[in-house]
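Trainee: Just entry.txt, nothing more (compact mmCIF, C-alpha atoms):
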```
# COMPACT_ATOMS: atom_id res chain seq x y z
CA MET W 179 -23.82 44.55 -40.50
CA ASP W 180 -21.37 44.86 -37.60
CA LEU W 181 -20.25 41.33 -36.64
CA ALA W 182 -17.98 42.47 -33.78
CA PRO W 183 -20.63 42.15 -31.02
CA ILE W 184 -21.54 38.66 -32.28
CA THR W 185 -17.89 37.58 -32.37
CA LYS W 186 -17.27 38.95 -28.87
CA GLU W 187 -20.39 37.19 -27.61
CA LYS W 188 -19.25 33.91 -29.18
CA GLU W 189 -15.79 34.25 -27.60
CA LYS W 190 -17.39 34.94 -24.24
CA MET W 191 -19.59 31.84 -24.59
CA ASN W 192 -16.57 29.69 -25.54
CA LEU W 193 -14.83 30.92 -22.40
CA VAL W 194 -17.87 30.00 -20.31
CA VAL W 195 -17.94 26.52 -21.88
CA ARG W 196 -14.27 26.00 -21.02
CA GLN W 197 -14.91 27.15 -17.47
CA VAL W 198 -17.84 24.73 -17.17
CA ARG W 199 -15.60 21.88 -18.35
CA ASP W 200 -12.94 22.85 -15.80
CA PHE W 201 -15.48 22.95 -12.98
CA VAL W 202 -16.97 19.60 -14.03
CA ALA W 203 -13.49 18.08 -14.04
CA ALA W 204 -12.75 19.52 -10.59
CA ALA W 205 -15.93 17.96 -9.21
CA SER W 206 -14.24 14.55 -9.07
CA ALA W 207 -11.01 13.43 -7.48
CA PRO W 208 -8.06 12.90 -9.88
CA ALA W 209 -8.08 9.13 -9.30
CA THR W 210 -11.80 9.00 -10.09
CA ARG W 211 -11.32 11.01 -13.28
CA ARG W 212 -8.52 8.71 -14.38
CA ALA W 213 -10.67 5.64 -13.75
CA TYR W 214 -13.65 7.04 -15.68
CA SER W 215 -11.39 8.15 -18.51
CA SER W 216 -9.89 4.68 -18.75
CA ASP W 217 -13.33 3.07 -18.70
CA TRP W 218 -14.57 5.38 -21.45
CA ARG W 219 -11.54 4.70 -23.65
CA GLN W 220 -12.11 0.97 -23.29
CA PHE W 221 -15.74 1.38 -24.29
CA GLU W 222 -14.77 3.53 -27.27
CA GLY W 223 -12.20 0.97 -28.37
CA TRP W 224 -14.68 -1.87 -28.08
CA CYS W 225 -17.29 0.03 -30.09
CA GLU W 226 -14.76 0.86 -32.78
CA ALA W 227 -13.74 -2.81 -33.05
CA GLN W 228 -17.39 -3.82 -33.39
CA ALA W 229 -18.18 -1.02 -35.87
CA MET W 230 -20.64 0.46 -33.37
CA VAL W 231 -21.22 4.05 -32.27
CA SER W 232 -20.02 4.96 -28.77
CA LEU W 233 -21.52 8.46 -28.62
CA ALA W 234 -24.46 8.45 -28.75
CA ALA W 235 -24.60 4.75 -27.90
CA THR W 236 -27.86 2.84 -28.00
CA PRO W 237 -28.99 0.82 -24.97
CA ALA W 238 -28.48 -2.36 -27.01
CA VAL W 239 -24.83 -1.47 -27.64
CA VAL W 240 -24.22 -0.80 -23.94
CA ALA W 241 -25.96 -4.04 -22.97
CA CYS W 242 -23.81 -5.99 -25.46
CA TYR W 243 -20.69 -4.32 -24.08
CA VAL W 244 -21.29 -5.23 -20.43
CA ALA W 245 -22.32 -8.77 -21.42
CA ASP W 246 -19.13 -9.18 -23.44
CA GLN W 247 -16.96 -7.78 -20.64
CA ALA W 248 -18.67 -10.00 -18.07
CA GLY W 249 -17.90 -13.00 -20.26
CA ALA W 250 -14.27 -11.88 -20.37
CA GLY W 251 -14.10 -12.03 -16.57
CA LYS W 252 -14.69 -8.41 -15.54
CA LYS W 253 -15.99 -8.02 -12.00
CA VAL W 254 -19.45 -6.60 -11.36
CA SER W 255 -17.92 -3.60 -9.60
CA MET W 256 -15.82 -2.80 -12.68
CA LEU W 257 -18.84 -3.09 -14.96
CA GLU W 258 -20.83 -0.76 -12.72
CA ARG W 259 -18.01 1.79 -12.83
CA ALA W 260 -17.89 1.53 -16.62
CA LEU W 261 -21.62 2.27 -16.78
CA VAL W 262 -21.06 5.39 -14.68
CA ALA W 263 -18.37 6.54 -17.11
CA ILE W 264 -20.63 5.91 -20.11
CA ALA W 265 -23.51 7.74 -18.44
CA ARG W 266 -21.33 10.77 -17.58
CA ALA W 267 -20.01 11.02 -21.12
CA HIS W 268 -23.56 11.11 -22.50
CA GLN W 269 -24.77 13.57 -19.89
CA LEU W 270 -21.89 15.97 -20.59
CA ALA W 271 -22.68 15.75 -24.30
CA ASN W 272 -26.33 16.55 -23.51
CA LEU W 273 -27.40 13.17 -24.87
CA SER W 274 -29.86 10.63 -23.56
CA ASP W 275 -28.31 8.28 -21.01
CA PRO W 276 -28.45 4.73 -22.46
CA THR W 277 -27.45 3.08 -19.17
CA ARG W 278 -30.85 3.87 -17.66
CA HIS W 279 -32.72 1.80 -20.24
CA PRO W 280 -34.45 -1.38 -18.96
CA VAL W 281 -32.45 -3.61 -21.33
CA VAL W 282 -29.18 -2.45 -19.71
CA ARG W 283 -30.57 -2.79 -16.20
CA GLU W 284 -31.92 -6.28 -16.87
CA THR W 285 -28.62 -7.32 -18.43
CA MET W 286 -26.75 -6.16 -15.35
CA LYS W 287 -29.28 -7.91 -13.12
CA GLY W 288 -28.61 -11.16 -14.95
CA ILE W 289 -24.84 -10.64 -14.73
CA ARG W 290 -25.05 -10.06 -10.98
CA ARG W 291 -27.12 -13.19 -10.53
CA ARG W 292 -24.81 -15.28 -12.70
CA LYS W 293 -21.66 -14.02 -11.01
CA SER W 294 -23.32 -13.87 -7.60
CA THR W 295 -23.55 -10.58 -5.71
CA THR W 296 -20.98 -11.75 -3.19
CA GLN W 297 -17.85 -9.70 -3.73
CA LYS W 298 -14.43 -10.63 -2.38
CA LYS W 299 -13.62 -8.26 0.43
CA ALA W 300 -10.15 -7.28 1.48
CA GLU W 301 -9.05 -9.31 4.48
CA PRO W 302 -8.73 -6.97 7.47
CA LEU W 303 -5.27 -6.71 9.01
CA LEU W 304 -6.12 -6.90 12.70
CA PHE W 305 -3.98 -5.41 15.45
CA GLU W 306 -2.28 -8.66 16.45
CA SER W 307 -1.27 -9.20 12.82
CA LEU W 308 -0.02 -5.61 12.61
CA LYS W 309 2.21 -6.25 15.62
CA THR W 310 3.51 -9.42 13.97
CA VAL W 311 4.32 -7.57 10.76
CA VAL W 312 6.08 -4.69 12.51
CA ALA W 313 8.07 -7.08 14.73
CA ALA W 314 9.50 -8.74 11.61
CA MET W 315 10.87 -5.45 10.25
CA GLN W 316 14.29 -3.86 10.75
CA PRO W 317 14.04 -0.33 12.24
CA GLU W 318 17.69 0.40 11.41
CA LYS W 319 16.80 0.46 7.70
CA LEU W 320 15.16 3.64 6.42
CA ARG W 321 12.77 1.86 4.06
CA ASP W 322 11.56 -0.26 6.97
CA VAL W 323 11.14 2.86 9.11
CA ARG W 324 8.98 4.38 6.38
CA ASP W 325 6.91 1.24 5.97
CA ILE W 326 6.35 0.93 9.72
CA ALA W 327 5.01 4.50 9.68
CA ILE W 328 2.75 3.72 6.70
CA LEU W 329 1.36 0.59 8.35
CA CYS W 330 0.86 2.06 11.83
CA LEU W 331 -0.54 5.42 10.76
CA GLY W 332 -2.64 3.80 8.03
CA PHE W 333 -4.15 1.37 10.52
CA MET W 334 -4.74 3.79 13.38
CA THR W 335 -6.27 6.55 11.25
CA GLY W 336 -8.36 4.21 9.10
CA LEU W 337 -7.59 6.42 6.10
CA ARG W 338 -8.05 5.35 2.52
CA ARG W 339 -4.70 4.67 0.89
CA SER W 340 -5.16 7.68 -1.41
CA GLU W 341 -5.73 9.88 1.66
CA LEU W 342 -2.69 8.42 3.41
CA VAL W 343 -0.22 9.16 0.62
CA ALA W 344 -1.76 12.63 0.09
CA LEU W 345 -0.70 13.77 3.57
CA ASP W 346 1.77 16.63 3.87
CA VAL W 347 3.86 17.52 6.92
CA ALA W 348 1.62 20.60 7.33
CA ASP W 349 -1.33 18.23 7.83
CA LEU W 350 0.20 16.82 11.03
CA ARG W 351 -0.38 18.57 14.34
CA TRP W 352 1.53 17.14 17.27
CA ALA W 353 -0.29 17.09 20.59
CA GLY W 354 0.49 15.88 24.09
CA ARG W 355 -1.72 12.83 23.86
CA GLY W 356 -1.02 11.99 20.26
CA LEU W 357 -1.37 13.32 16.74
CA VAL W 358 -4.08 15.23 14.87
CA VAL W 359 -4.13 14.43 11.16
CA ARG W 360 -5.83 16.83 8.76
CA VAL W 361 -7.45 15.05 5.80
CA ARG W 362 -7.83 17.87 3.30
CA ARG W 363 -9.82 16.01 0.67
CA SER W 364 -11.32 12.56 0.34
CA LYS W 365 -13.61 10.39 -1.76
CA ASN W 366 -16.62 11.66 0.20
CA ASP W 367 -15.37 15.25 0.34
CA GLN W 368 -14.70 16.45 -3.21
CA VAL W 369 -15.07 20.14 -2.31
CA GLY W 370 -12.25 19.94 0.23
CA LYS W 371 -13.96 20.84 3.49
CA GLY W 372 -11.53 18.55 5.23
CA ARG W 373 -11.73 16.75 8.57
CA ASP W 374 -9.44 16.02 11.52
CA VAL W 375 -8.55 12.51 12.64
CA VAL W 376 -6.99 11.89 16.05
CA VAL W 377 -4.60 9.06 16.89
CA PHE W 378 -3.42 8.47 20.45
CA ARG W 379 0.11 7.62 21.40
CA GLY W 380 0.57 3.89 21.82
CA ALA W 381 2.98 1.59 23.57
CA GLY W 382 5.72 -0.31 21.79
CA PRO W 383 6.75 -0.36 18.11
CA THR W 384 3.20 0.03 16.74
CA CYS W 385 2.79 3.55 18.17
CA PRO W 386 1.79 5.62 15.11
CA VAL W 387 3.06 8.89 16.61
CA ALA W 388 6.53 7.54 17.33
CA ALA W 389 6.63 5.74 13.98
CA VAL W 390 5.86 8.87 11.97
CA LYS W 391 8.33 10.97 13.96
CA ALA W 392 11.07 8.38 13.46
CA TRP W 393 10.41 8.35 9.71
CA LEU W 394 10.36 12.13 9.26
CA THR W 395 13.52 12.53 11.32
CA GLY W 396 15.38 9.70 9.61
CA ALA W 397 14.38 10.91 6.12
CA GLY W 398 15.11 14.57 6.93
CA ILE W 399 11.62 15.62 5.85
CA GLU W 400 10.45 18.98 7.20
CA GLU W 401 7.85 19.95 4.60
CA GLY W 402 5.95 18.57 1.64
CA PRO W 403 4.76 14.97 1.29
CA VAL W 404 4.97 12.81 4.40
CA PHE W 405 5.56 9.55 2.56
CA VAL W 406 8.17 9.61 -0.19
CA ARG W 407 10.29 7.25 -2.24
CA VAL W 408 13.30 5.48 -0.72
CA ASP W 409 15.76 4.20 -3.31
CA ARG W 410 17.59 0.88 -3.24
CA TYR W 411 20.55 2.52 -1.50
CA GLY W 412 18.33 3.55 1.41
CA HIS W 413 18.18 7.24 0.50
CA ALA W 414 14.93 9.15 0.89
CA HIS W 415 13.80 11.50 -1.88
CA PRO W 416 11.88 14.37 -0.23
CA GLY W 417 9.15 15.72 -2.47
CA LYS W 418 8.76 12.45 -4.40
CA ARG W 419 5.30 11.52 -3.14
CA LEU W 420 4.31 7.85 -3.15
CA THR W 421 1.35 6.60 -5.18
CA ASP W 422 -1.49 4.81 -3.43
CA GLN W 423 -0.40 1.54 -5.08
CA VAL W 424 2.72 1.56 -2.89
CA VAL W 425 0.50 1.07 0.18
CA ARG W 426 -0.80 -2.18 -1.32
CA THR W 427 2.77 -3.27 -2.08
CA VAL W 428 3.89 -2.51 1.47
CA VAL W 429 1.02 -4.51 3.01
CA LYS W 430 1.64 -7.48 0.71
CA GLU W 431 5.43 -7.56 0.95
CA ARG W 432 5.62 -6.92 4.68
CA GLY W 433 2.86 -9.42 5.39
CA THR W 434 4.64 -12.08 3.35
CA ALA W 435 7.93 -11.41 5.17
CA ALA W 436 6.12 -11.86 8.49
CA GLY W 437 4.67 -15.21 7.42
CA LEU W 438 1.06 -14.06 6.98
CA ASP W 439 -1.33 -15.41 4.35
CA VAL W 440 -1.51 -12.34 2.10
CA GLU W 441 -3.72 -13.67 -0.71
CA GLN W 442 -6.69 -11.58 0.40
CA LEU W 443 -4.69 -8.68 1.86
CA SER W 444 -4.62 -5.39 -0.02
CA GLY W 445 -4.03 -1.69 0.53
CA HIS W 446 -7.56 -1.56 1.97
CA SER W 447 -6.68 -4.10 4.68
CA LEU W 448 -5.37 -1.39 7.03
CA ARG W 449 -8.63 0.57 6.89
CA ALA W 450 -10.71 -2.61 7.10
CA GLY W 451 -8.53 -3.80 9.96
CA LEU W 452 -9.11 -0.69 12.04
CA ALA W 453 -12.88 -0.83 11.50
CA THR W 454 -13.10 -4.55 12.28
CA GLN W 455 -10.76 -4.32 15.29
CA ALA W 456 -12.73 -1.38 16.66
CA ALA W 457 -15.95 -3.39 16.31
CA LEU W 458 -14.32 -6.36 18.08
CA ASN W 459 -13.31 -3.97 20.86
CA GLY W 460 -16.94 -2.88 21.28
CA ALA W 461 -16.92 0.48 19.45
CA ASN W 462 -20.22 1.59 17.95
CA LEU W 463 -20.83 2.48 14.30
CA ARG W 464 -20.86 6.22 14.96
CA ASP W 465 -17.44 6.22 16.61
CA ILE W 466 -15.93 4.00 13.91
CA ALA W 467 -17.32 6.26 11.17
CA LYS W 468 -15.93 9.31 12.96
CA GLN W 469 -12.45 7.83 12.61
CA THR W 470 -12.69 6.32 9.12
CA GLY W 471 -14.91 8.92 7.46
CA HIS W 472 -17.39 6.32 6.23
CA ARG W 473 -20.75 7.72 5.19
CA SER W 474 -22.35 4.38 4.37
CA GLU W 475 -23.71 2.58 7.41
CA LYS W 476 -24.19 -0.46 5.17
CA VAL W 477 -20.44 -0.75 4.56
CA LEU W 478 -19.59 -0.28 8.22
CA SER W 479 -22.24 -2.81 9.26
CA GLY W 480 -20.32 -5.39 7.24
CA TYR W 481 -17.27 -4.90 9.45
CA VAL W 482 -19.41 -5.19 12.56
CA ARG W 483 -21.04 -8.40 11.26
CA ASP W 484 -17.60 -9.87 10.58
CA ALA W 485 -16.52 -8.98 14.11
CA ASP W 486 -19.74 -10.37 15.62
CA LEU W 487 -19.05 -13.78 14.10
CA TRP W 488 -16.22 -14.13 16.62
CA ARG W 489 -17.85 -12.40 19.58
CA ASN W 490 -19.68 -14.61 22.10
CA ASN W 491 -19.56 -17.61 19.75
CA VAL W 492 -20.84 -20.82 21.38
CA THR W 493 -17.73 -22.79 20.35
CA GLU W 494 -15.27 -20.42 22.02
CA LYS W 495 -15.02 -22.24 25.36
CA PHE W 496 -14.81 -25.79 24.02
CA GLY W 497 -11.12 -25.63 23.21
CA GLN W 498 -10.11 -24.25 26.60
```
Hey, can you dump this file as structure tokens for me?
Mentor:
Amino acid sequence: MDLAPITKEKEKMNLVVRQVRDFVAAASAPATRRAYSSDWRQFEGWCEAQAMVSLAATPAVVACYVADQAGAGKKVSMLERALVAIARAHQLANLSDPTRHPVVRETMKGIRRRKSTTQKKAEPLLFESLKTVVAAMQPEKLRDVRDIAILCLGFMTGLRRSELVALDVADLRWAGRGLVVRVRRSKNDQVGKGRDVVVFRGAGPTCPVAAVKAWLTGAGIEEGPVFVRVDRYGHAHPGKRLTDQVVRTVVKERGTAAGLDVEQLSGHSLRAGLATQAALNGANLRDIAKQTGHRSEKVLSGYVRDADLWRNNVTEKFGQ
């Protein structure tokens, strides 16, 4: 019997399987893949320590895992992400998804009730606070010039921090009235259709257009990543792209230096600040979403509700 056709067919199938794995991996953003991978490794480690099987896991094992992690202080959002990772692993292995079982769902329901569904939200950095932060910085220092650009462009575009640090010089198109920023890929755009975000020129030190130009000129950056590392000697390192965690560090450190209460500030505070400030200024949900790229009206409505608490409040005139 001639085994050559069978062998060739098997090799072809193995190639197809590898291609499928590559395409599945490409379906999610790198940061998402890293998060799911980390969650899965933690679940595997826990199962191994408990002498339990992780793949295929039973619903009881998954329920015990989330209950144990909740008891250890894990947030509901982290547990929900872990369940997604567990579900994906089982789906890719063509196994039954244990996270869909009623015992897992009821366990999570109890955890949410016990922990309360109220999640801590990042405190929005509003425009007045942004001006305070920028005013406390030293524009003669290159690191400060970079951080001013990060803060001003991050606020005015409403980009996610991962989108902000992913920008290249080629993604910036200078225009008479401001700047057009090309977001090539985002959390809600895994296939890379991209979208354009416009920011107008402003007045004073918070102008995002002037801030970005000053940074690129001062750092000598003409191509590649927009935001790069600046060493302790004040030298920029073109090509050394920042991680999204640096945005959080910039917001925290610069807010502290300006005398702000930074306990609830995070890298998300710039994006939240733009959405909340826009709502305070009377912008509608559609226009805010056009700038930020939000797809969830529920999330955006939260910013509007926060803004509405301060708008036309009956106590406003009593202190005047």
Trainee: I'd like the contact shell of W:Gly372 - 7 Å cut-off, all atoms listed in the file, skipping same-chain residues fewer than 4 positions apart - returned as a ChimeraX atom specification.
Mentor: /W:360-363
Trainee: Skipping near chain neighbours, those fewer than 4 positions away, what residues fall within 12 Å of W:Leu394 using only C-alpha atoms, listed as a PyMOL selection string?
Mentor: chain W and resi 320-321+323-328+346-347+350+387-390+398-406+414-416
Trainee: What is the atom CA of W:Leu261 to atom CA of W:Thr277 distance in Å?
Mentor: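 Separation between atom CA of W:Leu261 and atom CA of W:Thr277: 6.4 Å.
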Trainee: Please indicate the distance in Å from atom CA of W:Arg259 to atom CA of W:Gly471, rounded to one decimal place.
Mentor: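 One can read the atom CA of W:Arg259 to atom CA of W:Gly471 distance as 21.7 Å.
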Trainee: So which one's closest to W:Trp393, W:Ala453, W:Val440, W:Leu331, W:Leu357? Using all atoms listed in the file, please.
Mentor: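 Going through W:Ala453, W:Val440, W:Leu331, W:Leu357 one by one, the smallest distance to W:Trp393 is for W:Leu331.
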Trainee: Between W:Glu475, W:Asp374, W:Glu306, W:Glu258, single out the one closest to W:Leu452, counting all atoms listed in the file.
Mentor: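 Of the candidates, the smallest distance to W:Leu452 is held by W:Glu306.
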Trainee: Between atom CA of W:Ala229 and atom CA of W:Ala271, what is the spacing in Å?
Mentor: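 According to the coordinates, atom CA of W:Ala271 and atom CA of W:Ala229 are separated by 20.9 Å.
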Trainee: Kindly indicate which residue among W:Lys468, W:Arg407, W:Arg473, W:Lys252 lies nearest to W:Val377, using all atoms listed in the file for the distances.
Mentor: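 The closest residue to W:Val377 is W:Lys468.
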Trainee: May I have the residues within 12 Å of W:Ala235 as a PyMOL selection string, using only C-alpha atoms and disregarding those fewer than 2 positions away in the same chain?
Mentor: chain W and resi 218+221-222+224-226+229-233+237-243+261+264-265+267-269+271+273-277+279+282
Trainee: Considering only C-alpha atoms, can you say which of W:Ala250, W:Val424, W:Ala263, W:Ala313 comes closest to W:Thr210?
Mentor: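 Among the listed residues, the smallest separation from W:Thr210 belongs to W:Ala263.
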Trainee: Which one of W:Ala456, W:Ala392, W:Val376, W:Leu270 sits closest to W:Glu318 if you count all atoms listed in the file?
Mentor: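 That would be W:Ala392, the residue with the smallest distance to W:Glu318.
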Trainee: Please, what is the axis-aligned box for every listed atom of stretch 286-289 of chain W with 6 Å on each side, as centre and edge lengths in Å to one decimal, as JSON?
Mentor:
```
{"center_x": -27.1, "center_y": -8.7, "center_z": -14.2, "size_x": 16.4, "size_y": 17.0, "size_z": 14.2}
```
Trainee: Measuring atom to atom with all atoms listed in the file, identify which of W:Ser216, W:Lys309, W:His472, W:Ala314 is nearest to W:Gly437.
Mentor: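 With all atoms listed in the file as the atom set, the closest residue is W:Ala314.
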Trainee: Need the shell around W:Ile289: protein/DNA/RNA residues with any atom at most 8 Å away, counting all atoms listed in the file. Skip same-chain ones fewer than 6 positions apart. Format as a ChimeraX atom specification?
Mentor: /W:245,248,254
Trainee: Using C-alpha atoms, can you export the residues from the last selection as a PDB file, in the coordinates of the input?
Mentor:
```pdb
ATOM      1  CA  ALA W 245     -22.320  -8.770 -21.420  1.00  0.00           C
ATOM      2  CA  ALA W 248     -18.670 -10.000 -18.070  1.00  0.00           C
ATOM      3  CA  VAL W 254     -19.450  -6.600 -11.360  1.00  0.00           C
TER       4      VAL W 254
END
```
Trainee: Report as a list in words all protein, DNA and RNA residues lying within 7 Å of W:Leu463, evaluated on all atoms listed in the file, omitting residues in the same chain fewer than 3 positions from it.
Mentor: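 Neighbouring residues, sequence-local ones excluded: Ile466, Ala467 and Leu478 of chain W.
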Trainee: Include C-alpha atoms and write out the residues we just selected as a PDB file, keeping the file's coordinate frame.
Mentor:
```pdb
ATOM      1  CA  ILE W 466     -15.930   4.000  13.910  1.00  0.00           C
ATOM      2  CA  ALA W 467     -17.320   6.260  11.170  1.00  0.00           C
ATOM      3  CA  LEU W 478     -19.590  -0.280   8.220  1.00  0.00           C
TER       4      LEU W 478
END
```
